[in-house]
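Colleague: Following this line is input-v5.txt, made up of compact mmCIF, C-alpha atoms:
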# COMPACT_ATOMS: atom_id res chain seq x y z
CA MET Z 106 8.87 -13.52 25.17
CA ARG Z 107 9.80 -14.20 21.55
CA LYS Z 108 13.45 -13.60 20.75
CA GLY Z 109 14.00 -10.24 19.14
CA LEU Z 110 10.49 -9.02 20.00
CA LEU Z 111 11.60 -5.78 21.67
CA ALA Z 112 14.00 -4.86 18.88
CA GLU Z 113 11.38 -5.61 16.23
CA SER Z 114 8.77 -3.63 18.16
CA GLY Z 115 11.12 -0.68 18.39
CA ARG Z 116 11.71 -0.67 14.65
CA LEU Z 117 8.01 -0.97 13.82
CA SER Z 118 7.11 1.70 16.37
CA GLY Z 119 9.58 4.13 14.83
CA ILE Z 120 8.29 3.44 11.32
CA GLY Z 121 4.72 3.85 12.49
CA MET Z 122 5.56 7.19 14.09
CA TYR Z 123 6.92 8.66 10.85
CA LEU Z 124 4.15 7.21 8.71
CA ARG Z 125 1.42 8.43 11.05
CA ARG Z 126 2.86 11.92 10.89
CA THR Z 127 2.93 11.81 7.08
CA PHE Z 128 -0.58 10.40 6.72
CA GLU Z 129 -1.95 13.00 9.13
CA LEU Z 130 -0.25 15.82 7.19
CA TRP Z 131 -2.07 14.64 4.05
CA GLY Z 132 -5.40 14.80 5.87
CA TYR Z 133 -6.04 11.12 6.64
CA ARG Z 134 -7.43 10.05 10.01
CA GLU Z 135 -6.54 6.83 11.75
CA VAL Z 136 -9.05 4.01 12.07
CA PHE Z 137 -8.79 1.33 14.77
CA LEU Z 138 -10.24 -2.05 13.90
CA PRO Z 139 -11.14 -5.08 16.04
CA THR Z 140 -8.83 -8.08 16.04
CA ILE Z 141 -11.74 -10.48 15.41
CA GLU Z 142 -14.54 -9.96 12.87
CA GLU Z 143 -17.61 -12.07 12.30
CA TYR Z 144 -17.05 -13.79 8.97
CA ARG Z 145 -18.75 -12.23 5.96
CA GLU Z 146 -18.29 -12.44 2.24
CA GLY Z 147 -15.63 -10.04 1.05
CA LEU Z 148 -13.27 -10.41 4.00
CA ARG Z 149 -9.90 -11.55 2.70
CA LYS Z 150 -6.98 -13.24 4.39
CA GLY Z 151 -7.05 -13.60 8.17
CA THR Z 152 -7.43 -16.86 10.09
CA ARG Z 153 -10.91 -18.34 10.30
CA PHE Z 154 -12.36 -20.22 13.24
CA ALA Z 155 -15.72 -21.36 14.58
CA TYR Z 156 -17.14 -20.40 17.97
CA ASN Z 157 -20.64 -20.92 19.42
CA ASN Z 158 -22.10 -21.91 16.05
CA GLY Z 159 -20.66 -18.80 14.38
CA PHE Z 160 -17.72 -18.24 12.05
CA TYR Z 161 -15.10 -15.55 12.67
CA VAL Z 162 -11.87 -14.19 11.22
CA ILE Z 163 -8.80 -13.11 13.18
CA LYS Z 164 -6.91 -10.12 11.76
CA PRO Z 165 -8.25 -10.11 8.19
CA ASP Z 166 -7.02 -7.91 5.33
CA VAL Z 167 -7.48 -4.35 6.57
CA THR Z 168 -8.92 -2.83 3.40
CA SER Z 169 -11.66 -5.44 3.16
CA GLN Z 170 -12.31 -5.03 6.90
CA ILE Z 171 -12.66 -1.25 6.59
CA LEU Z 172 -14.93 -1.40 3.57
CA GLY Z 173 -17.12 -4.03 5.20
CA SER Z 174 -17.49 -1.90 8.33
CA ILE Z 175 -18.66 1.31 6.64
CA ARG Z 176 -22.43 1.57 6.87
CA GLU Z 177 -22.98 5.08 5.50
CA LEU Z 178 -20.83 7.24 3.27
CA ASP Z 179 -21.61 10.88 2.66
CA GLY Z 180 -18.96 12.77 0.70
CA ARG Z 181 -15.25 11.99 0.90
CA LEU Z 182 -13.60 9.65 3.37
CA LYS Z 183 -9.85 9.56 4.03
CA LEU Z 184 -8.57 6.90 6.45
CA TYR Z 185 -5.24 5.36 7.38
CA TYR Z 186 -4.33 2.31 9.41
CA ILE Z 187 -1.42 0.43 10.91
CA GLY Z 188 -2.15 -3.19 11.73
CA GLU Z 189 -1.22 -6.84 11.45
CA VAL Z 190 -2.81 -9.19 8.89
CA LEU Z 191 -2.69 -12.97 9.27
CA ASP Z 192 -1.95 -15.17 6.27
CA GLY Z 193 -4.58 -17.79 7.12
CA GLY Z 194 -2.45 -19.50 9.74
CA THR Z 195 -0.42 -18.14 12.64
CA ARG Z 196 2.00 -15.95 10.70
CA GLY Z 197 1.24 -12.27 10.35
CA ARG Z 198 2.51 -9.27 8.45
CA TRP Z 199 2.37 -5.67 9.62
CA GLN Z 200 0.95 -3.18 7.15
CA ALA Z 201 0.42 0.57 7.01
CA GLY Z 202 -1.77 2.18 4.39
CA VAL Z 203 -4.44 4.66 3.40
CA GLU Z 204 -7.87 4.52 1.78
CA TYR Z 205 -9.33 7.52 -0.05
CA ILE Z 206 -13.00 7.19 -1.04
CA GLY Z 207 -15.25 9.60 -2.92
CA GLY Z 208 -12.78 11.98 -4.54
CA GLU Z 209 -12.05 12.81 -8.18
CA PRO Z 210 -10.28 9.70 -9.57
CA THR Z 211 -7.17 11.33 -11.03
CA LYS Z 212 -6.62 13.58 -8.03
CA MET Z 213 -7.05 10.63 -5.66
CA ALA Z 214 -4.46 8.61 -7.58
CA VAL Z 215 -1.97 11.48 -7.53
CA GLU Z 216 -2.46 12.17 -3.82
CA VAL Z 217 -2.20 8.53 -2.77
CA ILE Z 218 0.98 8.00 -4.80
CA LEU Z 219 2.49 11.17 -3.32
CA THR Z 220 1.46 10.02 0.15
CA ALA Z 221 3.43 6.83 -0.44
CA ILE Z 222 6.44 8.76 -1.77
CA THR Z 223 6.54 11.26 1.10
CA GLY Z 224 6.04 8.44 3.59
CA LEU Z 225 9.17 6.72 2.30
CA GLU Z 226 11.09 9.98 2.33
CA ALA Z 227 10.05 10.58 5.95
CA LEU Z 228 11.71 7.25 6.76
CA GLY Z 229 14.92 8.33 5.05
CA ILE Z 230 14.29 5.97 2.11
CA GLU Z 231 15.25 7.79 -1.08
CA GLU Z 232 16.21 4.97 -3.46
CA PHE Z 233 12.99 3.51 -4.80
CA TYR Z 234 10.80 3.66 -7.87
CA VAL Z 235 7.07 3.59 -8.46
CA ASP Z 236 5.58 1.71 -11.41
CA VAL Z 237 2.07 2.76 -12.44
CA GLY Z 238 -0.03 0.39 -14.56
CA SER Z 239 -3.55 0.07 -15.94
CA LEU Z 240 -5.96 -2.84 -16.06
CA LYS Z 241 -8.09 -1.09 -18.71
CA VAL Z 242 -5.15 -1.20 -21.10
CA TRP Z 243 -5.09 -4.99 -20.84
CA GLU Z 244 -8.86 -5.29 -21.09
CA GLU Z 245 -8.71 -3.40 -24.39
CA ALA Z 246 -5.69 -5.37 -25.62
CA THR Z 247 -7.44 -8.71 -25.00
CA GLU Z 248 -10.88 -7.81 -26.36
CA GLY Z 249 -10.54 -10.25 -29.25
CA ILE Z 250 -9.09 -13.01 -27.08
CA SER Z 251 -11.19 -12.63 -23.95
CA GLU Z 252 -11.12 -16.38 -23.30
CA PHE Z 253 -7.37 -16.07 -22.61
CA ARG Z 254 -7.52 -13.05 -20.29
CA GLY Z 255 -6.87 -15.22 -17.25
CA GLU Z 256 -3.72 -16.70 -18.79
CA VAL Z 257 -2.46 -13.28 -19.86
CA HIS Z 258 -3.06 -11.91 -16.36
CA ARG Z 259 -1.19 -14.81 -14.77
CA ALA Z 260 1.71 -14.21 -17.18
CA LEU Z 261 1.80 -10.56 -16.10
CA VAL Z 262 1.75 -11.39 -12.39
CA ARG Z 263 4.63 -13.82 -12.90
CA ARG Z 264 6.44 -11.55 -15.40
CA ASN Z 265 6.71 -14.52 -17.72
CA PHE Z 266 5.83 -13.82 -21.35
CA GLU Z 267 6.54 -17.44 -22.29
CA MET Z 268 3.08 -18.25 -20.94
CA VAL Z 269 1.60 -15.95 -23.60
CA GLU Z 270 3.81 -17.41 -26.34
CA HIS Z 271 2.21 -20.82 -25.79
CA LEU Z 272 -1.34 -19.52 -26.26
CA PRO Z 273 -3.13 -20.34 -29.56
CA ILE Z 274 -3.48 -16.73 -30.72
CA ALA Z 275 -2.25 -14.85 -33.79
CA ARG Z 276 1.38 -13.76 -34.01
CA GLU Z 277 0.31 -10.11 -34.54
CA LYS Z 278 -1.63 -10.19 -31.27
CA LYS Z 279 1.33 -11.70 -29.45
CA GLU Z 280 3.57 -8.92 -30.75
CA GLU Z 281 1.05 -6.32 -29.55
CA LEU Z 282 0.95 -7.94 -26.11
CA TRP Z 283 4.75 -8.17 -26.06
CA LYS Z 284 5.07 -4.40 -26.58
CA LEU Z 285 2.65 -3.70 -23.76
CA PHE Z 286 4.29 -6.31 -21.55
CA ASN Z 287 7.64 -4.54 -21.86
CA PHE Z 288 6.55 -0.91 -21.96
CA ARG Z 289 8.07 1.28 -19.26
CA GLY Z 290 8.49 5.02 -19.65
CA LYS Z 291 7.48 8.52 -18.63
CA ARG Z 292 4.68 8.98 -21.18
CA SER Z 293 2.40 6.28 -22.49
CA GLY Z 294 -0.03 7.99 -24.85
CA ARG Z 295 -2.80 7.11 -22.41
CA GLU Z 296 -4.30 10.39 -21.23
CA LYS Z 297 -5.32 9.24 -17.75
CA LEU Z 298 -1.95 7.70 -16.91
CA ASP Z 299 0.02 10.59 -18.41
CA ARG Z 300 -1.99 13.11 -16.37
CA ILE Z 301 -1.22 11.17 -13.19
CA ALA Z 302 2.50 10.92 -13.97
CA ASP Z 303 2.70 14.61 -14.89
CA ALA Z 304 0.94 15.69 -11.69
CA VAL Z 305 3.06 13.46 -9.45
CA ASP Z 306 6.16 14.94 -11.16
CA ASP Z 307 8.78 12.67 -9.62
CA GLU Z 308 11.73 11.19 -11.49
CA ARG Z 309 11.23 7.86 -9.67
CA VAL Z 310 7.73 7.35 -11.12
CA PHE Z 311 7.28 5.36 -14.35
CA ILE Z 312 4.34 4.13 -16.37
CA ASP Z 313 4.77 0.36 -16.66
CA PHE Z 314 2.07 -1.68 -18.43
CA GLY Z 315 3.64 -4.85 -17.09
CA THR Z 316 2.63 -3.85 -13.56
CA VAL Z 317 -0.46 -5.64 -12.27
CA ARG Z 318 -1.56 -6.73 -8.82
CA PRO Z 319 -3.37 -10.01 -8.04
CA LEU Z 320 -6.15 -8.50 -5.91
CA PRO Z 321 -9.56 -8.91 -7.57
CA TYR Z 322 -11.23 -5.58 -6.77
CA TYR Z 323 -8.98 -3.12 -8.65
CA SER Z 324 -10.81 -1.36 -11.48
CA ASP Z 325 -8.05 0.36 -13.47
CA VAL Z 326 -5.01 2.33 -12.28
CA LEU Z 327 -2.65 0.57 -9.88
CA PHE Z 328 0.93 0.94 -8.74
CA GLU Z 329 3.75 -0.86 -6.99
CA VAL Z 330 6.75 0.51 -5.11
CA TYR Z 331 10.14 -1.18 -5.41
CA SER Z 332 13.54 -0.76 -3.80
CA PRO Z 333 16.75 -1.90 -5.53
CA GLU Z 334 17.77 -3.43 -2.20
CA LEU Z 335 14.88 -5.90 -2.11
CA GLY Z 336 13.60 -8.34 -4.70
CA LYS Z 337 9.89 -7.83 -4.13
CA PRO Z 338 7.47 -4.87 -3.87
CA ILE Z 339 7.59 -2.94 -0.61
CA GLY Z 340 4.09 -1.59 -1.18
CA GLY Z 341 1.39 -0.89 -3.70
CA GLY Z 342 -2.23 -0.14 -4.29
CA GLY Z 343 -4.77 0.94 -6.82
CA GLU Z 344 -8.14 2.21 -7.92
CA TYR Z 345 -11.41 0.53 -7.00
CA THR Z 346 -15.11 1.28 -6.59
CA PHE Z 347 -16.94 1.28 -3.26
CA ARG Z 348 -20.74 1.55 -3.28
CA GLY Z 349 -20.67 3.35 -6.58
CA LYS Z 350 -18.00 5.82 -5.48
CA PRO Z 351 -14.45 5.89 -6.87
CA ALA Z 352 -11.73 5.02 -4.39
CA PHE Z 353 -7.96 4.61 -4.25
CA GLY Z 354 -5.71 3.05 -1.61
CA PHE Z 355 -2.34 1.50 -0.91
CA ALA Z 356 -0.46 -0.43 1.75
CA PHE Z 357 3.19 -0.71 2.78
CA ASP Z 358 4.85 -3.90 4.00
CA MET Z 359 6.27 -2.62 7.29
CA GLY Z 360 8.68 -5.53 7.55
CA ALA Z 361 10.27 -4.41 4.28
CA LEU Z 362 10.35 -0.79 5.46
CA SER Z 363 12.13 -1.83 8.65
CA ARG Z 364 14.98 -3.23 6.55
CA LEU Z 365 15.24 -0.06 4.48
CA SER Z 366 14.56 2.79 6.90
CA ARG Z 367 17.45 5.09 7.70
CA LYS Z 368 15.69 6.89 10.55
CA GLU Z 369 16.22 6.08 14.21
CA ARG Z 370 13.46 6.91 16.64
CA GLY Z 371 14.46 9.29 19.38
CA GLY Z 372 17.78 10.27 17.81
CA ASN Z 373 17.29 13.97 18.63
CA ARG Z 374 16.05 13.60 22.21
CA LYS Z 375 17.14 16.07 24.83
CA ARG Z 376 19.03 14.14 27.51
CA LEU Z 377 18.48 15.43 31.04
CA SER Z 378 20.09 14.51 34.34
CA GLY Z 379 20.34 15.94 37.82
CA GLU Z 380 18.26 16.35 40.95
CA PRO Z 381 14.86 14.61 40.31
CA LYS Z 382 12.56 17.52 41.14
CA LYS Z 383 14.39 19.96 38.90
CA VAL Z 384 15.12 17.56 36.09
CA PHE Z 385 11.53 16.31 35.85
CA ALA Z 386 10.21 19.87 35.98
CA GLU Z 387 12.43 20.67 33.00
CA ALA Z 388 11.39 17.47 31.25
CA LYS Z 389 7.71 18.37 31.72
CA ARG Z 390 8.32 21.85 30.31
CA LEU Z 391 10.08 20.49 27.22
CA VAL Z 392 7.46 17.81 26.59
CA ARG Z 393 4.74 20.47 26.70
CA MET Z 394 6.70 22.29 24.00
CA GLY Z 395 6.87 19.15 21.90
CA VAL Z 396 10.56 18.46 22.53
CA PRO Z 397 11.46 14.73 22.92
CA VAL Z 398 13.29 14.07 26.19
CA GLU Z 399 15.15 11.28 27.97
CA VAL Z 400 15.82 11.48 31.69
CA VAL Z 401 19.03 9.63 32.57
Since I need it in another form, could you write the structure as structure tokens?

Modeller:
Amino acid sequence: MRKGLLAESGRLSGIGMYLRRTFELWGYREVFLPTIEEYREGLRKGTRFAYNNGFYVIKPDVTSQILGSIRELDGRLKLYYIGEVLDGGTRGRWQAGVEYIGGEPTKMAVEVILTAITGLEALGIEEFYVDVGSLKVWEEATEGISEFRGEVHRALVRRNFEMVEHLPIAREKKEELWKLFNFRGKRSGREKLDRIADAVDDERVFIDFGTVRPLPYYSDVLFEVYSPELGKPIGGGGEYTFRGKPAFGFAFDMGALSRLSRKERGGNRKRLSGEPKKVFAEAKRLVRMGVPVEVV
């Protein structure tokens, strides 16, 4: 048994319990996915291998696995998952997230962001902030310099404006990009983003044009969640299109949540002791009522 496995499992189990409860309260249903998928275009991450003249992937990215598994879609679909994703080798990372497909775009964005916020609060995590960005803003800003969009995007991902400064573009354009690069506030003048921020109505949410995510399928609005205790995002997601329908999703890094969570699983359990027949009869009664118990 790997050292620390039981302690790690206990932490992840407790986090999963609170997140499941939150996701269910928002109306998402859990989806269980196979560990191994036959390889197909669109599957990301995971560890690939060959077997009996076929190619397969172990524990791929969950979003791409879900989307590749849906054969028919009629109306809205709201799913959540908790699972491990491999990085291409033997190391994995546990994630928990939701996918909302087929709703009104602004309402989906608001609900998914609020699902992330209330999930963190359920874990006792109160100190965090959410930065909401837009890919469309950058598409518009680089219309006259489309050949440099890749470099600008890489500069945004790395938060390094020096990469833009070295591009052979006009000073006026660089100043325009600089303002966008450094914009962070409550109102942006962009109707779609302002509507989302107003509806979420949380002091920890900011519009930040410098926020982008490296995944290729996002279509416009995206967000990342940060904690002042950690130097990297603890979660994030964004808007995409699936079979012509708008969609929005996000994922948490459960390893990061385990370092931040203030909740202990089973802290309010009713401790019971005594003669076995009586004590287990009482335990059964309490469990049927939904009361956590521990027989000692």

Colleague: Any idea what the distance is between atom CA of Glu177 of chain Z and atom CA of Val203 of chain Z?

Modeller: 18.7 Å

Colleague: What's the 10 Å shell around Asp192 of chain Z, counting only C-alpha atoms, without same-chain residues fewer than 6 positions away, as a PyMOL selection string?

Modeller: chain Z and resi 149-152+163-166+198

Colleague: Here is a test: counting only C-alpha atoms, which residue of Z:Gly238, Z:Pro333, Z:Gly349, Z:Gly315 is nearest to Asp179 of chain Z?

Modeller: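 So, comparing all the options, the nearest one is Z:Gly349.
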
Colleague: One decimal, Å: what's the distance from atom CA of Leu191 of chain Z over to atom CA of Tyr156 of chain Z, could you say?

Modeller: 18.4 Å

Colleague: May I have the protein, DNA and RNA residues with any atom at most 8 Å from the point (0.5, 1.3, -9.2), counting all atoms listed in the file, written as a PyMOL selection string?

Modeller: chain Z and resi 235-239+316-317+326-330+341-343
